[in-house]
Amino acid sequence: MTMRTLTYLLILFSLLSACTSLPKDDEPPPIETESLIQDSLKTAKRLEMQGNYPQAANEYRKIAEQVSPPGQQAYQFLAIKAFLKADRLAEAKAELARFDARRSYGLEIPLELVGIQIDLAEQRVSQALRRLNRIKPTALRLPLQIEYRQLHAQALVAKGELRKAVQEWMVIDSKVEPSLIRENHQQLWHSLSSVEQSKLEQVEQVPSNNFSGWIALALLAKTTPLRQSIKNWQLRFPNHPATQHIVPSLLQNSPSLTSLQQVALLLPLQDRRFREYAESIKKGFFAAADQGITVYPVNASNILKVYQKAVKEGADFVVGPLSKKTLAVLANSQTQLPVPTLGLNHLETPEFIGNLYQFGLSPQDEAKEAAKRAWAKGHRSPLVLVPDGVWGKGILKVFQAEWKKLGGQLAAQPIIYDNSFKSTMRKKLRKIKTADMAFMVALPKQAQTIRRLLVSSLGDSLPIYSISRVYSGTSSPRLEGVMFADMPWILAPDEKAAQVQAALSGHMNKQLYALGVDAYYLLPRLQQLSRYQWQGQTGRLSVNNRGIIHRDQLSWARFVNGKPQLLD
């Protein structure tokens with residue numbers, strides 16, 4: 001059982017026990033209902049222990065619908081906490097908005113801590129610290145004390161006070177059982193890992209000091225190859241707390257060139273339509289790799305023959321193909337591929353194929369992120385504008401599904417436009433009365449015209465969200481105020497990424513270069529990706545049970561004076 005799970009159960013133990021004691025004027029639940037509740041509770045706890053927090057949250061919500069206050073609020077609270085553990089901030093906030101605090105009992109401080117956690121997730125660090133300072137941790141029961149100190153440590157990291165933050169986590173070590181120290185260290189490590197390399201380098205380090213050991217390890221994790229540096233770190237910091245849990249995990253999940261003995265890179269290098277894209281991916285891949293790579297030109301007509309040749313010549317991994325048509329031919333050829341294969345695109349109708357993973361810069365991932373962000377910002381009536389065709393309608397479908405999952409509905413029928421949209425869109429926009437935001441899917445030139453129509457019809461205060469395709473890489477004054485999601489490599493590059501980008505050819509596609517970099521580093525992580533998420537240059541990556549790799553936690557920017565300005 002994790003520390004957080006134990007904490008929440010301890011907090012609510014007495015409350016949940018009281019849920020079976022109803023006021024005298026209420027009838028007890030039927031035996032069948034009580035049995036279903038107990039089954040759902042067991043399921044929720046099992047899902048939490050397995051790390052499937054979204055499903056656990058849904059189980060808690062189901063229980064909440066079947067019991068009376070204050071038990072209803074207790075289970076709602078558990079659902080909120082589960083959503084937060086899953087980094088489902090929008091769902092947590094939606095459930096919190098439905099929470100009736102007047103009918104709860106003993107949840108005042110836990111609810112305040114939830115609010116602080118949300119503040120930190122939304123970068124309101126000063127507000128989080130003010131709320132923390134209003135609480136006296138010494139007056140809290142131990143589980144709440146621990147949660148308080150964890151949030152305080154996270155706030156200190158965000159403020160840049162790393163030494164004080166690590167001290168807080170070390171205090172927690174002294175207060176919890178040995179079995180719970182591992183999660184405390186994992187939380188410490190997760191927070192330190194988010195600190196920029198330049199800020200870590202500014203910290204003064206002292207040999208054999210625990211704090212310096214954490215900082216030194218965080219710096220090592222941002223450099224490669226990690227395996228060669230860990231031994232030196234262990235000599236510098238013997239018996240360091242990170243040795244037991246963090247170091248083994250780092251070694252397990254770090255790329256190992258020994259496991260990538262021979263990689264086949266299948267790209268359409270001789271196809272004029274895809275040659276530039278293929279070259280960008282190839283250069284990014286080779287920037288990360290330094291040995292054991294064989295490149296094979298492919299297309300839809302020869303993919304099966306070339307793939308078979310690559311495997312016969314000893315490829316342990318295959319990366320590619322790139323085009324959807326070529327990838328579909330390979331996927332439809334057999335139900336189990338002979339070696340792990342990382343396709344560089346997503347199929348329209350994904351089916352499970354053994355050993356096949358699908359990784360691409362899907363705008364559908366960005367549509368999900370747009371829905372989550374807009375919901376988290378309090379918008380409830382979106383207007384959606386997408387181009388006609390399979391591409392636009394596919395993005396619309398994903399945005400609608402995500403918005404519905406969050407509990408919302410669109411303000412009006414989506415506007416599906418074609419090349420002659422200038423003459424018809426203005427009329428459609430004049431009929432819109434209730435929209436409090438717009439989600440616009442368009443390429444840069446189209447987006448400039450659509451934004452002008454939106455402003456003239458609905459005013460310039462309407463927030464406009466979009467996807468990465470809206471940004472051409474050059475100044476766009478006519479897109480002023482438009483917000484869009486893009487990969488960290490573009491909007492928030494770390495120091496190494498910035499150095500690499502400075503050396504790139506002016507004609508190089510930066511997004512696909514980053515795709516090539518991440519493709520290489522993903523290969524040794526493919527088997528672990530179903531259990532662990534990995535922060536790459538293209539976003540935070542995870543894989544579903546069909547082998548499709550998704551991106552989330554993308555960066556956000558707003559056009560200010562024509563240039564993207566990073567948000568959050």
# chains A, B, ... in the order shown; residues from 1 in each chain; ligands from 1
>>> residues_around(residues="Thr335 (chain A)", least_positions_apart="4", cutoff="8 Å", atoms="only C-alpha atoms", output="list in words")
Ala331, Phe352, Ile353 and Gly354 of chain A
>>> residues_around(residues="Gly51 (chain A)", least_positions_apart="3", cutoff="9 Å", atoms="only C-alpha atoms", output="list in words")
Arg46, Leu47, Glu48, Pro54, Ala56, Lys85, Ala86 and Arg531 of chain A
>>> write_last_selection(atoms="C-alpha atoms", output="PDB file, in the first residue's frame")
ATOM      1  CA  ARG A  46      -7.261  -2.999  -5.752  1.00  0.00           C
ATOM      2  CA  LEU A  47      -7.112  -0.575  -8.689  1.00  0.00           C
ATOM      3  CA  GLU A  48      -5.291   1.986  -6.553  1.00  0.00           C
ATOM      4  CA  PRO A  54      -8.570   6.841 -13.009  1.00  0.00           C
ATOM      5  CA  ALA A  56     -10.308   3.670  -8.986  1.00  0.00           C
ATOM      6  CA  LYS A  85      -2.700  10.836  -8.217  1.00  0.00           C
ATOM      7  CA  ALA A  86      -3.390  10.101 -11.891  1.00  0.00           C
ATOM      8  CA  ARG A 531       3.904   0.982 -16.238  1.00  0.00           C
TER       9      ARG A 531
END
>>> select_by_dssp(residues="region 116-299 of chain A", states="alpha helix (DSSP H)", output="PyMOL selection string")
chain A and resi 116-121+125-133+142-159+162-175+178-193+197-201+210-221+226-236+242-253+275-288
>>> closest_residue(among="A:Gln553, A:Gln262, A:Ser472, A:Gln186", to="Tyr520 (chain A)", atoms="only C-alpha atoms")
A:Gln262
>>> closest_atom_pairs(of="region 338-384 of chain A", to="region 433-438 of chain A", cutoff="9 Å", atoms="only C-alpha atoms", output="tab-separated table")
residue	atom	partner	partner_atom	distance
A:Ala374	CA	A:Met437	CA	8.0
A:His379	CA	A:Asp436	CA	6.2
A:Arg380	CA	A:Asp436	CA	7.0
A:Ser381	CA	A:Ala435	CA	4.9
A:Pro382	CA	A:Met437	CA	5.0
A:Leu383	CA	A:Ala438	CA	4.6
A:Val384	CA	A:Ala438	CA	5.8
>>> closest_atom_pairs(of="region 409-457 of chain A", to="region 485-490 of chain A", cutoff="12 Å", atoms="only C-alpha atoms", output="tab-separated table")
residue	atom	partner	partner_atom	distance
A:Phe439	CA	A:Ala485	CA	11.6
A:Met440	CA	A:Ala485	CA	11.9
A:Val441	CA	A:Ala485	CA	11.5
>>> write_last_selection(atoms="all heavy atoms", output="compact mmCIF listing (two decimals), in the first residue's frame")
# COMPACT_ATOMS: atom_id res chain seq x y z
N PHE A 439 -12.23 26.54 -29.84
CA PHE A 439 -11.13 25.61 -30.16
C PHE A 439 -11.02 25.60 -31.67
O PHE A 439 -11.91 25.09 -32.37
CB PHE A 439 -11.42 24.22 -29.61
CG PHE A 439 -10.38 23.20 -30.01
CD1 PHE A 439 -9.03 23.41 -29.75
CD2 PHE A 439 -10.75 22.02 -30.64
CE1 PHE A 439 -8.07 22.48 -30.12
CE2 PHE A 439 -9.80 21.09 -31.01
CZ PHE A 439 -8.46 21.32 -30.75
N MET A 440 -9.97 26.18 -32.18
CA MET A 440 -9.79 26.39 -33.62
C MET A 440 -8.69 25.47 -34.15
O MET A 440 -7.54 25.54 -33.70
CB MET A 440 -9.42 27.86 -33.88
CG MET A 440 -8.99 28.17 -35.30
SD MET A 440 -8.44 29.90 -35.50
CE MET A 440 -6.91 29.89 -34.54
N VAL A 441 -9.03 24.62 -35.10
CA VAL A 441 -8.05 23.76 -35.75
C VAL A 441 -7.82 24.31 -37.16
O VAL A 441 -8.73 24.30 -37.99
CB VAL A 441 -8.55 22.30 -35.82
CG1 VAL A 441 -7.54 21.43 -36.55
CG2 VAL A 441 -8.82 21.77 -34.42
>>> closest_residue(among="A:Gln528, A:Gln55, A:Thr349, A:Thr294", to="Lys282 (chain A)", atoms="only C-alpha atoms")
A:Thr294
>>> atom_distance(atom1="CA of Ala287 (chain A)", atom2="CA of Tyr513 (chain A)")
9.0 Å
>>> residues_around(residues="Ile303 (chain A)", least_positions_apart="3", cutoff="8 Å", atoms="only C-alpha atoms", output="list in words")
Val298, Asn299, Ala300, Val306, Tyr307, Pro321, Thr326, Val329 and Leu330 of chain A
>>> write_last_selection(atoms="all heavy atoms", output="PDB file, in the first residue's frame")
ATOM      1  N   VAL A 298      12.218   2.770 -47.801  1.00  0.00           N
ATOM      2  CA  VAL A 298      11.025   1.928 -47.977  1.00  0.00           C
ATOM      3  C   VAL A 298       9.881   2.748 -48.569  1.00  0.00           C
ATOM      4  O   VAL A 298       9.872   3.976 -48.515  1.00  0.00           O
ATOM      5  CB  VAL A 298      10.545   1.309 -46.640  1.00  0.00           C
ATOM      6  CG1 VAL A 298      11.543   0.340 -46.077  1.00  0.00           C
ATOM      7  CG2 VAL A 298      10.218   2.399 -45.628  1.00  0.00           C
ATOM      8  N   ASN A 299       8.897   2.024 -49.106  1.00  0.00           N
ATOM      9  CA  ASN A 299       7.624   2.597 -49.517  1.00  0.00           C
ATOM     10  C   ASN A 299       6.568   1.511 -49.360  1.00  0.00           C
ATOM     11  O   ASN A 299       6.871   0.388 -48.918  1.00  0.00           O
ATOM     12  CB  ASN A 299       7.694   3.127 -50.962  1.00  0.00           C
ATOM     13  CG  ASN A 299       8.185   2.062 -51.920  1.00  0.00           C
ATOM     14  OD1 ASN A 299       7.729   0.909 -51.885  1.00  0.00           O
ATOM     15  ND2 ASN A 299       9.151   2.422 -52.782  1.00  0.00           N
ATOM     16  N   ALA A 300       5.328   1.815 -49.725  1.00  0.00           N
ATOM     17  CA  ALA A 300       4.237   0.870 -49.494  1.00  0.00           C
ATOM     18  C   ALA A 300       4.389  -0.407 -50.312  1.00  0.00           C
ATOM     19  O   ALA A 300       3.896  -1.465 -49.913  1.00  0.00           O
ATOM     20  CB  ALA A 300       2.897   1.538 -49.818  1.00  0.00           C
ATOM     21  N   VAL A 306      11.471  -5.368 -47.487  1.00  0.00           N
ATOM     22  CA  VAL A 306      12.569  -4.689 -46.788  1.00  0.00           C
ATOM     23  C   VAL A 306      12.546  -5.032 -45.298  1.00  0.00           C
ATOM     24  O   VAL A 306      13.602  -5.254 -44.684  1.00  0.00           O
ATOM     25  CB  VAL A 306      12.474  -3.162 -47.000  1.00  0.00           C
ATOM     26  CG1 VAL A 306      13.492  -2.434 -46.128  1.00  0.00           C
ATOM     27  CG2 VAL A 306      12.705  -2.815 -48.472  1.00  0.00           C
ATOM     28  N   TYR A 307      11.348  -5.089 -44.719  1.00  0.00           N
ATOM     29  CA  TYR A 307      11.243  -5.430 -43.292  1.00  0.00           C
ATOM     30  C   TYR A 307      11.818  -6.825 -43.044  1.00  0.00           C
ATOM     31  O   TYR A 307      12.599  -7.039 -42.098  1.00  0.00           O
ATOM     32  CB  TYR A 307       9.779  -5.367 -42.848  1.00  0.00           C
ATOM     33  CG  TYR A 307       9.572  -5.628 -41.365  1.00  0.00           C
ATOM     34  CD1 TYR A 307       9.566  -4.585 -40.455  1.00  0.00           C
ATOM     35  CD2 TYR A 307       9.389  -6.920 -40.877  1.00  0.00           C
ATOM     36  CE1 TYR A 307       9.378  -4.818 -39.090  1.00  0.00           C
ATOM     37  CE2 TYR A 307       9.211  -7.171 -39.520  1.00  0.00           C
ATOM     38  CZ  TYR A 307       9.203  -6.108 -38.644  1.00  0.00           C
ATOM     39  OH  TYR A 307       9.030  -6.352 -37.296  1.00  0.00           O
ATOM     40  N   PRO A 321       7.795   2.029 -40.499  1.00  0.00           N
ATOM     41  CA  PRO A 321       7.874   3.124 -41.471  1.00  0.00           C
ATOM     42  C   PRO A 321       7.177   4.400 -40.990  1.00  0.00           C
ATOM     43  O   PRO A 321       6.630   4.430 -39.894  1.00  0.00           O
ATOM     44  CB  PRO A 321       7.180   2.536 -42.688  1.00  0.00           C
ATOM     45  CG  PRO A 321       6.189   1.562 -42.123  1.00  0.00           C
ATOM     46  CD  PRO A 321       6.851   0.978 -40.914  1.00  0.00           C
ATOM     47  N   THR A 326       2.087   2.997 -45.664  1.00  0.00           N
ATOM     48  CA  THR A 326       3.121   1.970 -45.550  1.00  0.00           C
ATOM     49  C   THR A 326       3.014   1.229 -44.218  1.00  0.00           C
ATOM     50  O   THR A 326       3.173   0.006 -44.155  1.00  0.00           O
ATOM     51  CB  THR A 326       4.516   2.606 -45.685  1.00  0.00           C
ATOM     52  OG1 THR A 326       4.554   3.403 -46.871  1.00  0.00           O
ATOM     53  CG2 THR A 326       5.593   1.544 -45.767  1.00  0.00           C
ATOM     54  N   VAL A 329       0.210  -1.319 -44.389  1.00  0.00           N
ATOM     55  CA  VAL A 329       0.575  -2.544 -45.119  1.00  0.00           C
ATOM     56  C   VAL A 329       1.330  -3.491 -44.178  1.00  0.00           C
ATOM     57  O   VAL A 329       1.064  -4.695 -44.148  1.00  0.00           O
ATOM     58  CB  VAL A 329       1.444  -2.199 -46.348  1.00  0.00           C
ATOM     59  CG1 VAL A 329       1.990  -3.482 -46.989  1.00  0.00           C
ATOM     60  CG2 VAL A 329       0.626  -1.413 -47.368  1.00  0.00           C
ATOM     61  N   LEU A 330       2.266  -2.956 -43.418  1.00  0.00           N
ATOM     62  CA  LEU A 330       3.031  -3.788 -42.484  1.00  0.00           C
ATOM     63  C   LEU A 330       2.124  -4.355 -41.393  1.00  0.00           C
ATOM     64  O   LEU A 330       2.200  -5.551 -41.074  1.00  0.00           O
ATOM     65  CB  LEU A 330       4.160  -2.964 -41.856  1.00  0.00           C
ATOM     66  CG  LEU A 330       5.017  -3.681 -40.805  1.00  0.00           C
ATOM     67  CD1 LEU A 330       5.748  -4.866 -41.431  1.00  0.00           C
ATOM     68  CD2 LEU A 330       6.014  -2.719 -40.171  1.00  0.00           C
TER      69      LEU A 330
END
